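Note sheet for the following structure.
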Amino acid sequence: MAEIKRQPFQTIHTDLEELDRKIREHRLKIARRVGIVVGAVLLFLLLFYVINQLRTYDGHKVKSSYERQDTAATTFMTFQGGILKYSNDGAFYTDISNDLIWNQAYEMENPMVDLSKKYIAIGDKGGNRAYILDKEGLCGKIETTKPIVRIKVANQGTLAILMEDEGVGYIKICDNSGKDLAEGEFHAQNSGYPLDIALSEDGEKLAVSILDIKSGVVKTVISFYNFGSAGQKKIDNVVATYEYDDIVIPQIEYINNDKMIAVSDKNIMFFEGTKKPQEKKKIKFDSRLRTFFFNDKYIGMIFDNENSGGNKKNDVYCLKTYDNRGGLIKEKTFSRTYRKAEFLDNNEICLINNNECTIFTLRGVEKYHEALDKNVYKILPGNIFGSYIFILEGETAEMKLK
């Protein structure tokens, strides 16, 4: 058998510095390519945002529509991607195509609604009945012994009810099944008369605005209660109290879990804090406040346009938008007539006046205005750029602005 000749092993010398250099160059090349792609995407998104902020429309094209049958007293709200419709004799929750998800029958003289991210609270203002519902339907029903004034619902379903009877204020706290958790009384001759309540997202923090005139002068007291660990060792769970002379504060709102705002006819105050809320900012009004609206990120206020000048002196109103810490984003004067103003789900500002609709961007550009053939009740942003869902009189229509 032939002998196999074996070659001896050879040692190969590698230049490690050269190898490191090539690896670095390769990584830099990849990083440059990734940077170019990311930069192009960011530039595209920026251009898309700028175009969306500056482009204007004065017409529409109907892509699809669905007929509805509602009473003239029906009010519309959006909830978890669907539509909540309510009136004196019941509430209906439907999808965008008007397909029924659930309905809740009741009889109320003056129904009022508060929404959180997961729950709906419906109460009879001046009556004695309230309901807690979610996207599946009824969770709990509450019967009160005193007439209801306000209701507020938290994200986990905690319900706060402000009641009043013969000058005495009462507050009841319930869980999402209607079970009582806490209650208290406010006697006008002792502590004052409660004007409004605000409930945090987690249901642990409650604020009460109280009108105090027992000393002969008008004063508003805002008290903060904490039903979590921060308030356990405090008297009546009160963690902070603020007094304001010569001012009435009829509206207070938690805009997220640790930020609350208080609105009067003279100013708006911003409070912040998870344990002991503190006043962080106060904005004084220099003209009459007509409309106040908000979401968890922004605050909108419309004033009489008393101080404008130049070529805007004929504008009737002044719209001011702020972030949730009170920073001014934009001031915009306009003359469009409106009866309702609100933030859309995409943070645009919508004004509705019967069959007329106006949409402003957050930066104050009038993006869209049109007088339609039917009254407008509600508008929702669509899933495609430039498309919206219009809740009209007897019809729900998906429209593409043009």
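Residue names in the structure tokens use chain letters A, B, ... in the order shown, residue numbers from 1 in each chain, and ligand numbers from 1 in the order shown.
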Residues of segment 95-126 of chain A in strand (DSSP E or B), written as a ChimeraX atom specification: /A:100-105,111-115,120-125
Spatial neighbours of Val62 of chain A, 10 Å, only C-alpha atoms, chain gap at least 5 places, as JSON, numbers by chain: {"A": [387, 388, 389, 390, 397, 398, 399, 400, 401]}
Produce a file of the selected residues containing N, CA and C atoms, as a PDB file, in the first residue's frame.
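In the end it all went to out.pdb:
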```pdb
ATOM      1  N   SER A 387     -58.539  61.249   7.000  1.00  0.00           N
ATOM      2  CA  SER A 387     -59.892  60.693   7.087  1.00  0.00           C
ATOM      3  C   SER A 387     -60.441  60.870   8.501  1.00  0.00           C
ATOM      4  N   TYR A 388     -61.750  61.035   8.599  1.00  0.00           N
ATOM      5  CA  TYR A 388     -62.430  61.254   9.869  1.00  0.00           C
ATOM      6  C   TYR A 388     -63.773  60.538   9.851  1.00  0.00           C
ATOM      7  N   ILE A 389     -64.244  60.189  11.034  1.00  0.00           N
ATOM      8  CA  ILE A 389     -65.590  59.636  11.207  1.00  0.00           C
ATOM      9  C   ILE A 389     -66.486  60.763  11.702  1.00  0.00           C
ATOM     10  N   PHE A 390     -67.526  61.082  10.943  1.00  0.00           N
ATOM     11  CA  PHE A 390     -68.471  62.134  11.308  1.00  0.00           C
ATOM     12  C   PHE A 390     -69.752  61.494  11.838  1.00  0.00           C
ATOM     13  N   ALA A 397     -70.708  58.692   9.008  1.00  0.00           N
ATOM     14  CA  ALA A 397     -70.030  58.698   7.712  1.00  0.00           C
ATOM     15  C   ALA A 397     -68.527  58.778   7.905  1.00  0.00           C
ATOM     16  N   GLU A 398     -67.809  57.928   7.146  1.00  0.00           N
ATOM     17  CA  GLU A 398     -66.355  58.031   7.077  1.00  0.00           C
ATOM     18  C   GLU A 398     -66.016  58.928   5.898  1.00  0.00           C
ATOM     19  N   MET A 399     -65.289  60.004   6.154  1.00  0.00           N
ATOM     20  CA  MET A 399     -65.023  60.998   5.127  1.00  0.00           C
ATOM     21  C   MET A 399     -63.516  61.215   4.945  1.00  0.00           C
ATOM     22  N   LYS A 400     -63.130  61.482   3.731  1.00  0.00           N
ATOM     23  CA  LYS A 400     -61.766  61.877   3.387  1.00  0.00           C
ATOM     24  C   LYS A 400     -61.791  63.353   3.075  1.00  0.00           C
ATOM     25  N   LEU A 401     -61.020  64.148   3.831  1.00  0.00           N
ATOM     26  CA  LEU A 401     -61.014  65.583   3.591  1.00  0.00           C
ATOM     27  C   LEU A 401     -60.278  65.885   2.280  1.00  0.00           C
TER      28      LEU A 401
END
```
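Checking A:Ala40, A:Ile252, A:Ala207, A:Ala230 one by one against Ser264 of chain A, counting only C-alpha atoms, you find the shortest gap at A:Ile252.
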